[in-house]
Structures are given as C-alpha cells and as structure tokens.
Protein chains: 2
Amino acid sequence: MLIFEKARELAIIQSSAAVLGWDQETYLPPAAAGHRAQQLAWLSSRAHEIATSEDWKNALESAENERGHQDANLRELRREFDRASKISVELVARDSIASSLAKHAWADARERSDFSIFAPHLETLLIIAREKAELWGYEGEPYDALLDGYERGTPTAAVASLFDAMCPALKELAARAVEISALQSPSLPPGPFPVEAQKKFNAEVAAAIGFDFEAGRIDTTTHPFCTTLGPRDVRLTTRYMEADFTSSLFGVLHETGHGLYELGLPEADFGLPSGSAASLGIHESQSRLWENHVGRSRIFWEKWYPTAQEYFPQLRDFPLEQLLRYLWRAEFSPIRVEADEATYDLHILLRFEIERQMVNGTLAVKDVPAAWNERFRELFGFVPKDDRHGCLQDIHWSMGGLGYFATYTLGNINSAQLYAAAQKDEAVAQGIQQADYLPLLGWLRKSVHAHGASMDPAELIRHATGSAPTTEAYLAHLTSRYL
Amino acid sequence: MLIFEKARELAIIQSSAAVLGWDQETYLPPAAAGHRAQQLAWLSSRAHEIATSEDWKNALESAENERGHQDANLRELRREFDRASKISVELVARDSIASSLAKHAWADARERSDFSIFAPHLETLLIIAREKAELWGYEGEPYDALLDGYERGTPTAAVASLFDAMCPALKELAARAVEISALQSPSLPPGPFPVEAQKKFNAEVAAAIGFDFEAGRIDTTTHPFCTTLGPRDVRLTTRYMEADFTSSLFGVLHETGHGLYELGLPEADFGLPSGSAASLGIHESQSRLWENHVGRSRIFWEKWYPTAQEYFPQLRDFPLEQLLRYLWRAEFSPIRVEADEATYDLHILLRFEIERQMVNGTLAVKDVPAAWNERFRELFGFVPKDDRHGCLQDIHWSMGGLGYFATYTLGNINSAQLYAAAQKDEAVAQGIQQADYLPLLGWLRKSVHAHGASMDPAELIRHATGSAPTTEAYLAHLTSRYL
C-alpha cells in the first residue's frame, strides 16, 4: 500500500530527527545549539509537509477505498491526518514561536519565582490550545481535544471520574504513609557510591530484565529519558548522584520500561500505527511497572541485594530491611519530580484539575497561583513556600503540553492493572516468585507490545486484563505497600 | 540570493546526515545499522534531489545573470552543479550499489588475503569511474576528472611531476632514516598509560593549541576522524592504546588540525563554498601541520613533557631525548596507516601510480598485485608477505574513492610550505619559539581558513605562501628531522 510506504518514509525522517534530539541532550557542544535547532526545524517541516500533502491524502483515500475502514492502521492514519491537516501551517508556526518564547519566560519566571513573567505567555498558549481544540473538535469540553492527542479515545470525563473516585482514598493513604515513614526516618548508609559502579550495576539489572544492549544504550543527561532512533535502536538516559545509587537505578528501571515497550513493538511495522506505542498512558504503564511493581518489590531485592553489596561495600553491613524502608519511604514534597509512589498522584490530580479549568475557560490565568495553593493545601495539608515550588515548577505548560499530565496517573493505574492480570498467568507468577522477570516480559510483549496502536488505550487494557481501566488494583497495591 | 539560501538549506541536510554518521561511528548499537543506512540514504537522496533540481538550476542561472561569473561562490556552485548533474540518478544508484557490494567483498578478500574475491568488484568500480570521468570530461587523461573531485583544479600531470621529482630524494631519505633509527632502537617505558589520563592530557593539549571545546568534542572510535555537524560543532575522535599514550595524542593532534580548519571557516558562510574547505589536500595540510610540524617538534615537547610526566609517572625518569627519538623513529612497514613521517609518502606515491594506471586503462585489474609488489620492492626494498599486507590493505578503492590517495602527500607538501611561510611572520616565529601556537593559528586563519573554497587549492597556496606548491620546504623538513 502506497500510504504505508509513505508512513514508513515519514518514520525515517522522524527517527532521524530523534537522533539529532538525542545528541542534543547527551553530547551537543554548547555553541552548537543554534544550528541544531535549524536542523530539527528543517526535518520537522519536511515531516509536516509530507504528512499533510495532497499525495498523502490521495494515498490514504485510495487505501481506504480498497480496504474499507476496518483496517486498524488506516483508521489511525486517518485520525492522525485529520488532526494534522486541521491545523494550518500558520497556526503551527505561531504555536512553535509561542512555545519557544514561553519556555524562556517560564525558566526566568521559575528562577525568580515570579508568575507574572510567565502569565502572558500562558495566556497566549491557552488561546492557541483552545483554537486547536475548536479546529480538532470535541464532544464534551475543549480539554477533550487536547487529551486526545496524548490518550487517544479517552474523554476527559472518564479520566475525571477515575481520578475523583480515587482521590479520597489516595489522600488518606498518602497522609498515613507519610506518617508511618516519618517514624522510621529511613536513610541509606553514607556514599560515595561511585558512578562507574552504578553504571555497571544498572546495566546488569537492565540486561537481566530483558533490555537488549545490542539494540540500545544508556547515556547520561540532566533529565532521564527514553527515545527511539529506529526499530532496533532505543536510547535510555539517567543521572547519577554519588550519595544515592538508587536514584540512577530507578531512573534506569523506569526508562528501561519504556525501552522494553519500544523494542517489543512489531519491528516489521515500524512507522505504522501497528508498530507504534498506543498512548502515553500505556507507555507510562510500562515504565512504572518495571520501576515500582518490579524494582521496589521485596523479591527483586532479595535477588539483587547481594550484587549491590558487591558493587557498594558500604551496603555490606546495611540490612535489606532498611534498604526496603528507604525505597518505600513516603514524604510530602511540594515538587512533583521528587515525589514518591505514595504521594505522586496527588500532584497529578491537582494539575489535571487546574489545567482542565484553564483550558475550558473556568479558571483565569491570573488566578492560577491561588487556585494551585488552595488545592495543594487541601491535598497535602500545607502550602508551597512560593510559586517556584508551586505552579511554576513544571516545564510542560510552557512547551504547549496542555493535556499531558493525566497520562502519568493513567500510567500508574494501568501498570497495577496489567501487573495483577499478568500474574494470573502461572508461568509469570512463578517467575516473579524467583525474581525471574522474563515470563512477565513475554506476557507484556504478547498482551501489550505486540498490538502497537491497533487498539485505543482503554480497549487495549480491556483486551489485556479483561476489564476496563479501573483503580482497584492500583489502590490495592499502594495499600499493601504503604499501610 | 536565492541560490545561496538553497545552498544553506542543502548544508542543513548534509550536516544532519553528518550527525547520523558521527553517531554511527561512535555510539550506534550494533542491531541499529540497517535502519541507520536507510536514514542516511533518505537524507542523501534529498540532498542530491535538491542539488540537481530545476529550481536549483534556475536559481543558479538567475544569480549568474545578476552577478556575472566573477563571484567565487557562484563559480564554485556552478562547478559542483555541473559535476552533479552530469551524473544520472541511475548511475548514482549503480555506483552506490557497486560500492556497497565492493566494501563487503573487500573486507572478505582482505580477511582471506585473496585478491580474486575483490577483483571483479574493482573491475566494476573502474568501469563506473571511467564512465563518470567521460561524463565529467577532462583535458589530459581520465584520472584528471576523478582527482578534480578531491583536489579542484589540480591536473594529474602536475601531481605526477611533483611526486616524480620528489621520489628519488624521498626514497633515499627514508632508507637512511630507517637505518639510523634502527641503531637507536627507540621505545617508550612500559605502560599502562591509563586511558583517563590520556584523555585529560590530550584535551589539555588540544585546548592549548586553540580547539574550542564549547564548539566540539573528542570521542572514541576504532578509526580516528573529524566531522563537522554545524558551523560551531566539530567532532573529533581518537583511539587509545594503554601501552602508548602517543598513539591517541597524535590522533588528537591530527584531528584537531582538521577541526581548527573547520572552526576557522567563515561561520556566516556555512553552506557556501566561501565557508567550506578548499580541498582534501588543504585539509590534510592542516592536520599534518599540527601533528608533525608542531606536535613532533622539540620545542613543543620541552613545554609539554613536564605535564605528560605528571599524568604518566613512568615518564619521570625517562629522558626527553629518548621520547623524541621515539617520536622520530622511522621504520619500513608494509602498512600505510602504521607508517611514520619518513616513509609515509612512499606508500602514497605507489598508490597514486597504480590507481592512475588502472583508471587510465594501462594496468589490468588482474595485474594489480604483481605491479604493487614490484613497485613496493623498488621503493621499500622488500615485498609484502601477502596481498592483505599489500594491495588489499586500504578501504579507499572499495568505497569508490579512486583519486583520493594523492591528497595525503599533497597535504604533507602543503603543510611544510605553509609552516615555513608562517614563520616569516615575526609574531608567529616568536610564538613558536615559546611553544605558543596561537599566533600560528591566527596566521592560518587569516591566510588559509578565512578563504574557504574561494580559491582553488594551488591558488590558495600561492596566495598564502607566495609561491606555487613545491616540495622544497617539505624535503628540507624531512631532511632536518631525520638526517
């Protein structure tokens, strides 16, 4: 099919841009930033041109006439084309300039903890976001159209009802977990945990849970990420703290989760929806599953602690129980990226509520700091000391990423539901009992990875677990771990 | 000018391909090679399409009508366009397939030291090379057209007369240098010279001679190289031997020479001929100047030896004189890439003669091994033990790089002529006396780098040194160093 060839060509371009993006984050000399931006702009313009061209449209229509609308790839290519072609080149350019200016203003505003520097930019980004929402269209509310860009086929109301139902339990659980953890004052023995030893330990763990170093690497960046440069080329990154070896390790476990998903997608379908990730919420389910359900479990550490003790001699007299307490510590932090498993979702619930109101026009930009702090107080019991530790902390809005935050908690919910379902398979359950996670990976490949984006995320979860997305398994997991 | 905008766009694409190429050599996971080849093929097809399009041609013609043919950029863009558009897409594809097959066959042939495996491929590559030569046209002989692709405006006969005149002196000098060096049996104290210390020492030296680490990096590869990913983004690589710190250092000095040239090209003209290197022979003059004239000089080591001794304690009791003897050692090796300064050019003269005859049709492929060995015996006094150590050792022909080899020796000749001319400037000469090479770099920037490809290489040498390319300074340098 011509349209499939075109989609594969588009993936060649996009994955080339990904190489440049990866290099930008890992190895780019400082003076090279300007030229790199031009290179990336050229590649993304070509990609946009191709994906919205008459040729593309004609190839898509002729494939639809031939195969009808039942083909999952054609259905998804149609959806993407309609979304892309509803946005004019003028709006794309305006959006890109606005985000670029907003990112600088946000960095400055955060630095000075001065929301008024960022506010006019956020206003502009919201106008553009609403304009896009109107062009894309929605059934319930404008926010639907934005969320759909990250979590296909998932209405805002459905997310809100999951989150609202979970909120009281989550709030209570977090408060109690923090209380219990405070009594234990968990800590690690003193560092340094040498970076070279951390690298070796992390790589050993990543390989053992199935990451193929013939088809990927781990490099170092300020913010850990995972990016795909080709069907057999997945790059992970992490950061190192000499005082805490678990920081880089859990970064690696998280990104390895993303990477295993990418490497598990059908290689022959690279560039087609059936060879692409289903959604951000599904992607995050994979990273959180390996990070939290596997990596923070007692069984995992019973297997890996002796190895850790070899790499880090100061652990030799440090009991496993104390390490586990450290890994299961809970604390209220004003900062999302520093939050633990027990308190993380409260941060997301807050952001989801605030941005939904902003996008739908029921919360004015000028009122965001007050609304943030008020809701924060309700959830966490205290108010951040300033906007830098409050509504200015995240980069997402400044990048035009409105609608993104919910996918973090959807990922957590999905991870627990998938992990519970996987264990109904006897081989998986037996493997986990012995800290052998290859049967688990096999189940995920078959139940999740192999389907790419052939199903909408909610449908994929139902297909893999037998029920629609539900918070049951997730709350059970948190309760059993923290209470 | 529209044509200049187009040339800059082309440079964006080519420099993006350079990023992918750099990553391919430095960090690419093994399983990713296939997809990377597809990405590079897409980028080079787009580049070729643009550079040979009707749009390009029209923009070039209209610029010529406006400015006439005196503009150096237009003159060079015209030359490139004519060369590129004389080759059909069909021939480009045939060439690319032939080289790709030949590279595999060559690797296999070298491995087994069996020329018959490579011979039919070399035959095909020669047919294509001659076909291209006929399409490009030439005045004297077919080889002219190939050489012109690497060393613009330099006829084969001019190179041959330089080489022929130099050959007897070079042969005698090499033989005597080898004799003298053998009596001294130069060596380094035992390693290991730790890789981390080598990296720090190399970086300190590269920075001191002017390499800007804000606009470049040094990474590790099997074969050292220098590549430009943007006007302020030059990547060098080297390789490390724990037994010999000078191996990585001279790799770095050589590649830093290339890198200083690239970073010295007029930044605002990136993508235009006036912002591009003049030729391979000029490029190599820069690398060899820093590697051999600066890096192997006594003054350089009087300054840097104490630092080297700090990094490598085993040097503390090792006299500077012995190090210099080691750096000036001369030995006949059958392998070009292992050859020292005193014997290197004999390898090039041999290759230039052989490939000139092959291309012009006066030497049949089947007779290459015998011709190689016979000429090798005349120059070196012995015969390589097999074709693996003889005519199969270099990758160049298998990549279709016929016409390339001469530029190595042209680079050596140019390096000596430029280094001698630079020292007529008092500040440069005074700087060199104190091992301060920034005045030298300033002179090179002004006399060579700033002109990009606005002049043909021979013209550039005349402009910078006051005389046409001549072997005088080079032979004087070798004589004074080795005899």
# chains A, B, ... in the order shown; residues from 1 in each chain; ligands from 1
$ closest_atom_pairs --of "stretch 193-271 of chain A" --to "stretch 37-45 of chain B" --cutoff "12 Å" --atoms "only C-alpha atoms" --output "Markdown table"
| residue | atom | partner | partner_atom | distance |
| --- | --- | --- | --- | --- |
| A:Leu229 | CA | B:Gln39 | CA | 9.9 |
| A:Gly230 | CA | B:Gln39 | CA | 9.1 |
| A:Pro231 | CA | B:Gln38 | CA | 11.7 |
$ residues_around --residues "B:Pro189" --least-positions-apart "4" --cutoff "12 Å" --atoms "only C-alpha atoms" --output "number ranges by chain"
B: 193, 242-246, 309, 312-320, 322-323, 326
$ write_last_selection --atoms "C-alpha atoms" --output "CSV table (one decimal), in the first residue's frame"
chain,number,residue,atom,x,y,z
B,193,PHE,CA,49.2,4.8,30.4
B,242,GLU,CA,47.3,1.6,27.1
B,243,ALA,CA,50.8,0.8,26.1
B,244,ASP,CA,51.5,4.0,24.2
B,245,PHE,CA,50.0,7.4,25.1
B,246,THR,CA,51.4,9.0,22.0
B,309,GLN,CA,55.2,13.4,33.3
B,312,PHE,CA,52.2,9.4,33.4
B,313,PRO,CA,54.6,8.8,36.3
B,314,GLN,CA,56.6,6.2,34.4
B,315,LEU,CA,57.9,9.1,32.2
B,316,ARG,CA,59.5,10.9,35.2
B,317,ASP,CA,62.8,9.0,34.8
B,318,PHE,CA,62.6,8.8,31.1
B,319,PRO,CA,64.7,11.5,29.4
B,320,LEU,CA,63.1,13.8,26.9
B,322,GLN,CA,64.5,9.3,24.4
B,323,LEU,CA,60.9,10.4,23.9
B,326,TYR,CA,60.7,7.5,19.8
$ closest_atom_pairs --of "chain A" --to "chain B" --cutoff "7 Å" --atoms "only C-alpha atoms" --output "Markdown table"
| residue | atom | partner | partner_atom | distance |
| --- | --- | --- | --- | --- |
| A:Ile12 | CA | B:Gln39 | CA | 5.6 |
| A:Ser16 | CA | B:Gln39 | CA | 6.3 |
| A:Val19 | CA | B:Leu20 | CA | 6.7 |
| A:Leu20 | CA | B:Val19 | CA | 6.7 |
| A:Pro29 | CA | B:Ala215 | CA | 5.2 |
| A:Pro30 | CA | B:Glu214 | CA | 5.4 |
| A:Ala31 | CA | B:Ala215 | CA | 5.1 |
| A:Ala32 | CA | B:Arg232 | CA | 5.1 |
| A:His35 | CA | B:Gly230 | CA | 6.1 |
| A:Gln39 | CA | B:Ile12 | CA | 5.6 |
| A:Glu214 | CA | B:Pro29 | CA | 5.3 |
| A:Ala215 | CA | B:Ala31 | CA | 5.1 |
| A:Gly216 | CA | B:Pro29 | CA | 5.5 |
| A:Arg217 | CA | B:Pro29 | CA | 6.9 |
| A:Gly230 | CA | B:His35 | CA | 6.1 |
| A:Arg232 | CA | B:Ala32 | CA | 5.1 |
| A:Asp233 | CA | B:Ala32 | CA | 5.2 |
$ closest_residue --among "A:Arg110, A:Arg83, A:Lys303, A:Lys424" --to "A:Ala133" --atoms "only C-alpha atoms"
A:Arg83
$ residues_around --residues "A:Thr409" --least-positions-apart "5" --cutoff "12 Å" --atoms "only C-alpha atoms" --output "number ranges by chain"
A: 151, 159-160, 162-163, 166-167, 170, 280-285, 288, 341-352, 404, 414-416, 469-471, 474-475
$ closest_residue --among "B:Ile50, B:Leu327, B:Ala278, B:Val89" --to "B:Ser187" --atoms "only C-alpha atoms"
B:Leu327
$ select_by_dssp --residues "stretch 120-170 of chain A" --states "helix (DSSP H, G or I)" --output "NGL selection string"
:A and (120-136 or 142-150 or 156-170)
$ atom_distance --atom1 "atom CA of B:Ser53" --atom2 "atom CA of B:Gly153"
25.2 Å
$ select_by_dssp --residues "stretch 175-351 of chain A" --states "strand (DSSP E or B)" --output "list in words"
Gly216, Arg217, Ile218, Asp219, Thr220, Cys226, Thr227, Thr228, Leu229, Gly230, Asp233, Val234, Arg235, Leu236, Thr237 and Thr238 of chain A
$ closest_residue --among "A:Val178, A:Ala7, A:Ala84, A:Leu101" --to "A:Trp136" --atoms "only C-alpha atoms"
A:Ala84
$ residues_around --residues "B:Gly381" --least-positions-apart "6" --cutoff "12 Å" --atoms "only C-alpha atoms" --output "list in words"
Lys171, Glu172, Ala174, Ala175, Val178, Phe332, Ser333, Pro334, Leu346, Asn373, Glu374 and Arg375 of chain B
